[in-house]
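Report on one structure; see the data block that follows.
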Amino acid sequence: MSMRDVKLCLLGDSGVGKSSLVMRFVTDSFKPALESTIGASFMTKTVEVDGNTYKFQIWDTAGQEKYRALAPMYYRGAAAAIIAYDVTRESSFKSVKSWVQELRHQGHPNIVLAIAGNKCDLEDLREVRLKDAEDYAKQIDALFCETSALTAVNVADIFTKICKKLPSEDFSSSRVGSTVNLRKKRDVKKEKKCCGGSPS
Amino acid sequence: MCRGHTWLYRGADNVESADDLPPDLRPEEQTDSDLDVENDLPTLKSIVGEEGIRKLKPKEKKRQEVLNELVHTERAHVRNLKILDKLFFRPMAAETSTSDLAKQLLPNIHSMIRLHSSFNNSLKSVRKENPVIGEVGNIFLKRFDGEEGETFKNNCATFCRGQSFALDALKKQQRKEQRLSQFLNDAESNPLCRRLQLKDLVPTQFQRLTKYPLLIENLLKYTQTNTDEYRKLTLAHQKTKEILAEVNQSVKEFENHQRLKILQKKMEKKIPQDSQEIKRKQVHEDMKNLDLPQHKLVYEGELTWRLRPNRLIDMHVILLEDILVLLQKQDEKLILKCQSLNVHNQSDLTQTGRTDAGKGYTHSPILKLQNLLSRNVATDKKAFFVINTSEAGPQIYELIANNQTSRKTWHNHINSWAEVCKSKKSQKPAASSTPVKSHAGVTTPQPEEITEIRSKITR
């Protein structure tokens, strides 16, 4: 079985629920006692999808939304990014577009993008139509889910989708550097055997 | 390659000697407890005991939980810095081939360790006094306010500003040098790294900085508002945000500066032959002296310059805080040269590239912002005019953006920075704060001039 490290970066306006999404995803299953971990630099969570193990290293950008010059330091080398917005706040959806532009321009060319419309439990306060967001995601070839960190709707789902969309060749977080190295060769071979047919 | 979740530091690795370091930074032997931190946050119960928890009021319990997290994560941060020093900085600095890279990646790692350690120690000792931690406002202010706070801020800026470039350099060198790559593999396999690579560990510092305001916000939630402690925490909150803003600014400036260095390298100057005319002489001087990294970058991008209805050239345009520079794209090069709107001068001018070819030019590639204003072209949604109102009479540059949004961005940037330059100039007419030498003969456009020009272009 292959184990793959996946660096994932969480972007989006302040208050859309980035940290809550991470908390829901990470602690739902194995750290229920943890009250708050905003002090940690990033969190990890291991999931199994189609017989492969993915170890997510989740970099939450909470608290630094204003400091745009620092953002590239978060998404540099990230294999995937979730851009979150709040379905009850139109302006937060607009910011998604600027993040997408920035990632396309400066991020890794193969970065897997996912858009999460969070707080979908607040149906009566909705400002962003599901269809608009869906269409936009399709147009830029990004994964899309409406999520609720509160009710847990689709939270794990979006991470599973990301796993399935990752290019079969590990491009950013191979554990062992990028030069010729026996260990790496072995890793790569192993990986091909396991997930042979690329899911994409 | 699975590793356990917990580990104990055994101090088995060889460490370079570092005699120049103060005692608390000498290579740690088996006893550095800072390296021995559990990854997971310990429960509050394990710290204050069951009895202690039962005595806490709900709000105080929440406060203690935030403090517990603060103490734990600060300790973990000091550990991360020490790991960077011990496993990466010291060995790399000791090798000639990697010492520059080490200094680029972790320029002032020892100062950072010292600064965070003192904060960490203050927190540890307040907890030692009483596991149920009392007031912490003073500890925060000691680190983030006043002269100490300035030192901290400056060191953080130094540490973080060149990180992206340093990590790029690391990647390049790693690809080229088998030895470095092997060294990193070995070092990163150390259980202390917890499956993290150097490139994942280096960002720890700025990440930590983003957490302080959040932690203090949480503390404020559980602190009585009419207390001294509340006022101190509020000030500390403000200070930690200032530090972040400063680091952010510093990163931006550093990266823009690097970018200008790259552009300067790509730039090829085609300076016209000497001229007797004072005005032309000045243009030539400006071109000769143009050194992009001496300016501050505001914005850059691709635009098309419409010299005549059927004569379009692709440009790379750089907006600096005081000048606008138009560079002609030619393969990989960016050419700094004068252009002519007149048909007969033009034909051989772009082809030959000879220095005398620019004899009959009409338009300089360097424009002073204080003389500029931008206006939209009414008949083309993507185009805008840049009007240069020098004493020799207004000159118009017609530029075309890729789309309407881009036009809007350019238009706004040029006008707002031109405003800044104009107001700066009117404030202090003699001394220019910009590195470019100001010269005589440049006048700020008068309002009536602007109206006149505007009436010319808006039909």
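All residue names refer to the structure tokens as shown: chains lettered A, B, ... in order, residues numbered from 1 in each chain, ligands numbered from 1 in order.
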
Using 6 Å as the limit and counting only C-alpha atoms, can you tabulate each residue of chain B that touches chain A, with its shortest atom-to-atom distance in Å and the two atoms involved, as JSON lines?
```
{"residue": "B:Thr73", "atom": "CA", "partner": "A:Gly39", "partner_atom": "CA", "distance": 5.8}
{"residue": "B:Arg175", "atom": "CA", "partner": "A:Thr179", "partner_atom": "CA", "distance": 5.8}
{"residue": "B:Asn185", "atom": "CA", "partner": "A:Val176", "partner_atom": "CA", "distance": 5.8}
{"residue": "B:Thr210", "atom": "CA", "partner": "A:Gln64", "partner_atom": "CA", "distance": 5.9}
{"residue": "B:Lys211", "atom": "CA", "partner": "A:Gly39", "partner_atom": "CA", "distance": 5.7}
{"residue": "B:Asn248", "atom": "CA", "partner": "A:Ala69", "partner_atom": "CA", "distance": 5.6}
{"residue": "B:Lys252", "atom": "CA", "partner": "A:Ala69", "partner_atom": "CA", "distance": 5.5}
```

Those in range 112-168 of chain A with strand (DSSP E) from DSSP, as JSON, numbers by chain: {"A": [112, 113, 114, 115, 116, 117, 118, 143, 144, 145, 146]}

Selection to disk with N, CA and C atoms, as a PDB file, in the first residue's frame:
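Everything below was put into selection-v5.pdb:
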```
ATOM      1  N   VAL A 112      -4.498  20.845  -7.443  1.00  0.00           N
ATOM      2  CA  VAL A 112      -5.912  20.474  -7.499  1.00  0.00           C
ATOM      3  C   VAL A 112      -6.708  21.526  -6.729  1.00  0.00           C
ATOM      4  N   LEU A 113      -7.659  22.134  -7.428  1.00  0.00           N
ATOM      5  CA  LEU A 113      -8.444  23.194  -6.788  1.00  0.00           C
ATOM      6  C   LEU A 113      -9.814  22.668  -6.378  1.00  0.00           C
ATOM      7  N   ALA A 114     -10.223  23.011  -5.199  1.00  0.00           N
ATOM      8  CA  ALA A 114     -11.571  22.673  -4.762  1.00  0.00           C
ATOM      9  C   ALA A 114     -12.216  23.920  -4.179  1.00  0.00           C
ATOM     10  N   ILE A 115     -13.477  24.111  -4.479  1.00  0.00           N
ATOM     11  CA  ILE A 115     -14.199  25.256  -3.937  1.00  0.00           C
ATOM     12  C   ILE A 115     -15.261  24.725  -2.974  1.00  0.00           C
ATOM     13  N   ALA A 116     -15.276  25.284  -1.794  1.00  0.00           N
ATOM     14  CA  ALA A 116     -16.250  24.844  -0.799  1.00  0.00           C
ATOM     15  C   ALA A 116     -17.168  25.994  -0.416  1.00  0.00           C
ATOM     16  N   GLY A 117     -18.440  25.824  -0.669  1.00  0.00           N
ATOM     17  CA  GLY A 117     -19.429  26.823  -0.244  1.00  0.00           C
ATOM     18  C   GLY A 117     -19.904  26.441   1.139  1.00  0.00           C
ATOM     19  N   ASN A 118     -19.313  27.059   2.119  1.00  0.00           N
ATOM     20  CA  ASN A 118     -19.579  26.626   3.496  1.00  0.00           C
ATOM     21  C   ASN A 118     -20.833  27.296   4.067  1.00  0.00           C
ATOM     22  N   LEU A 143     -12.974  21.256  -8.320  1.00  0.00           N
ATOM     23  CA  LEU A 143     -13.956  20.451  -7.599  1.00  0.00           C
ATOM     24  C   LEU A 143     -14.876  21.398  -6.851  1.00  0.00           C
ATOM     25  N   PHE A 144     -16.088  20.933  -6.596  1.00  0.00           N
ATOM     26  CA  PHE A 144     -17.007  21.820  -5.896  1.00  0.00           C
ATOM     27  C   PHE A 144     -17.939  21.055  -4.962  1.00  0.00           C
ATOM     28  N   CYS A 145     -18.158  21.608  -3.794  1.00  0.00           N
ATOM     29  CA  CYS A 145     -19.121  21.053  -2.842  1.00  0.00           C
ATOM     30  C   CYS A 145     -19.691  22.209  -2.038  1.00  0.00           C
ATOM     31  N   GLU A 146     -20.930  22.095  -1.683  1.00  0.00           N
ATOM     32  CA  GLU A 146     -21.414  22.975  -0.626  1.00  0.00           C
ATOM     33  C   GLU A 146     -21.278  22.186   0.659  1.00  0.00           C
TER      34      GLU A 146
END
```

- request: Could you pull out the residues in range 25-145 of chain B that DSSP calls alpha helix (DSSP H) from the backbone, as an MDAnalysis selection string?
  value: chainID B and resid 44:55 58:83 90:94 96:105 109:129 137:144

query: At what distance in Å, to one decimal, does CA of Ile83 in chain A lie from CA of Gln101 in chain A?
result: 11.6 Å

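The two atoms in question, CA of Ser406 in chain B and CA of Tyr85 in chain A, are spaced 24.8 Å apart.
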
task: Measuring atom to atom with only C-alpha atoms, identify which of B:Arg90, B:Arg161, B:His72, B:Lys232 is nearest to Asn138 in chain B.
output: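 Smallest distance to Asn138 in chain B is found for B:Lys232.
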
For range 149-152 of chain B, list every protein, DNA or RNA residue within 9 Å, evaluated using only C-alpha atoms, and leave out those in the same chain fewer than 6 positions away; present the list as a compact mmCIF listing (two decimals) with all heavy atoms, in the first residue's frame.
```
# COMPACT_ATOMS: atom_id res chain seq x y z
N SER B 111 18.89 34.59 16.51
CA SER B 111 18.12 35.66 17.16
C SER B 111 16.68 35.22 17.36
O SER B 111 16.07 35.49 18.39
CB SER B 111 18.13 36.93 16.30
OG SER B 111 19.43 37.33 16.07
N MET B 112 16.13 34.56 16.36
CA MET B 112 14.74 34.12 16.47
C MET B 112 14.59 33.15 17.64
O MET B 112 13.62 33.22 18.39
CB MET B 112 14.27 33.44 15.18
CG MET B 112 13.94 34.30 13.99
SD MET B 112 13.28 35.94 14.25
CE MET B 112 11.80 35.67 15.13
N LEU B 115 14.72 35.13 20.86
CA LEU B 115 13.53 35.94 21.12
C LEU B 115 12.34 35.08 21.54
O LEU B 115 11.62 35.42 22.47
CB LEU B 115 13.18 36.76 19.87
CG LEU B 115 14.18 37.85 19.51
CD1 LEU B 115 13.98 38.33 18.08
CD2 LEU B 115 14.07 39.02 20.48
N HIS B 116 12.16 33.99 20.87
CA HIS B 116 11.03 33.13 21.22
C HIS B 116 11.29 32.37 22.52
O HIS B 116 10.37 32.11 23.28
CB HIS B 116 10.68 32.17 20.09
CG HIS B 116 9.85 32.82 19.02
ND1 HIS B 116 8.50 33.00 19.15
CD2 HIS B 116 10.20 33.36 17.83
CE1 HIS B 116 8.04 33.61 18.06
NE2 HIS B 116 9.06 33.85 17.25
N LEU B 141 3.26 42.01 26.52
CA LEU B 141 3.78 43.34 26.20
C LEU B 141 5.29 43.35 26.20
O LEU B 141 5.93 44.05 25.42
CB LEU B 141 3.21 44.37 27.18
CG LEU B 141 1.72 44.67 26.99
CD1 LEU B 141 1.26 45.73 27.98
CD2 LEU B 141 1.42 45.12 25.56
N LYS B 142 5.87 42.56 27.09
CA LYS B 142 7.33 42.51 27.16
C LYS B 142 7.91 42.01 25.83
O LYS B 142 8.95 42.48 25.38
CB LYS B 142 7.76 41.59 28.31
CG LYS B 142 9.14 41.90 28.86
CD LYS B 142 9.46 41.00 30.04
CE LYS B 142 10.64 40.12 29.71
NZ LYS B 142 10.74 38.94 30.56
N ARG B 143 7.20 41.08 25.21
CA ARG B 143 7.70 40.53 23.95
C ARG B 143 7.35 41.40 22.75
O ARG B 143 8.14 41.58 21.82
CB ARG B 143 7.15 39.12 23.76
CG ARG B 143 7.47 38.41 22.46
CD ARG B 143 8.91 37.97 22.30
NE ARG B 143 9.84 39.10 22.20
CZ ARG B 143 11.02 39.16 22.76
NH1 ARG B 143 11.45 38.15 23.47
NH2 ARG B 143 11.78 40.22 22.64
N LYS B 239 -0.39 45.15 18.81
CA LYS B 239 1.05 45.05 18.49
C LYS B 239 1.34 43.83 17.62
O LYS B 239 2.14 43.90 16.68
CB LYS B 239 1.87 44.97 19.78
CG LYS B 239 1.92 46.28 20.54
CD LYS B 239 2.78 47.28 19.82
CE LYS B 239 2.51 48.68 20.35
NZ LYS B 239 3.09 49.72 19.50
N ILE B 243 3.04 43.73 13.88
CA ILE B 243 4.19 42.92 13.50
C ILE B 243 3.90 42.17 12.21
O ILE B 243 4.71 42.16 11.27
CB ILE B 243 4.56 41.93 14.64
CG1 ILE B 243 5.12 42.71 15.83
CG2 ILE B 243 5.56 40.88 14.16
CD1 ILE B 243 5.23 41.92 17.11
```

field: Atom-to-atom span, CA of Thr53 in chain A and CA of Ser168 in chain A, Å
entry: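 Distance between the two atoms: 12.9 Å.
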
query: Which is closest to Ser416 in chain B among B:Leu341, B:Leu219, B:Leu319, B:Leu334, if we use only C-alpha atoms?
result: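 So, comparing all the options, the nearest one is B:Leu319.
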
task: Skip Ile216 in chain B itself and residues of its chain fewer than 4 positions away, then list as number ranges by chain all residues within 9 Å of it, counting only C-alpha atoms.
output: B: 66, 211-212, 220-221, 233-234, 236-237
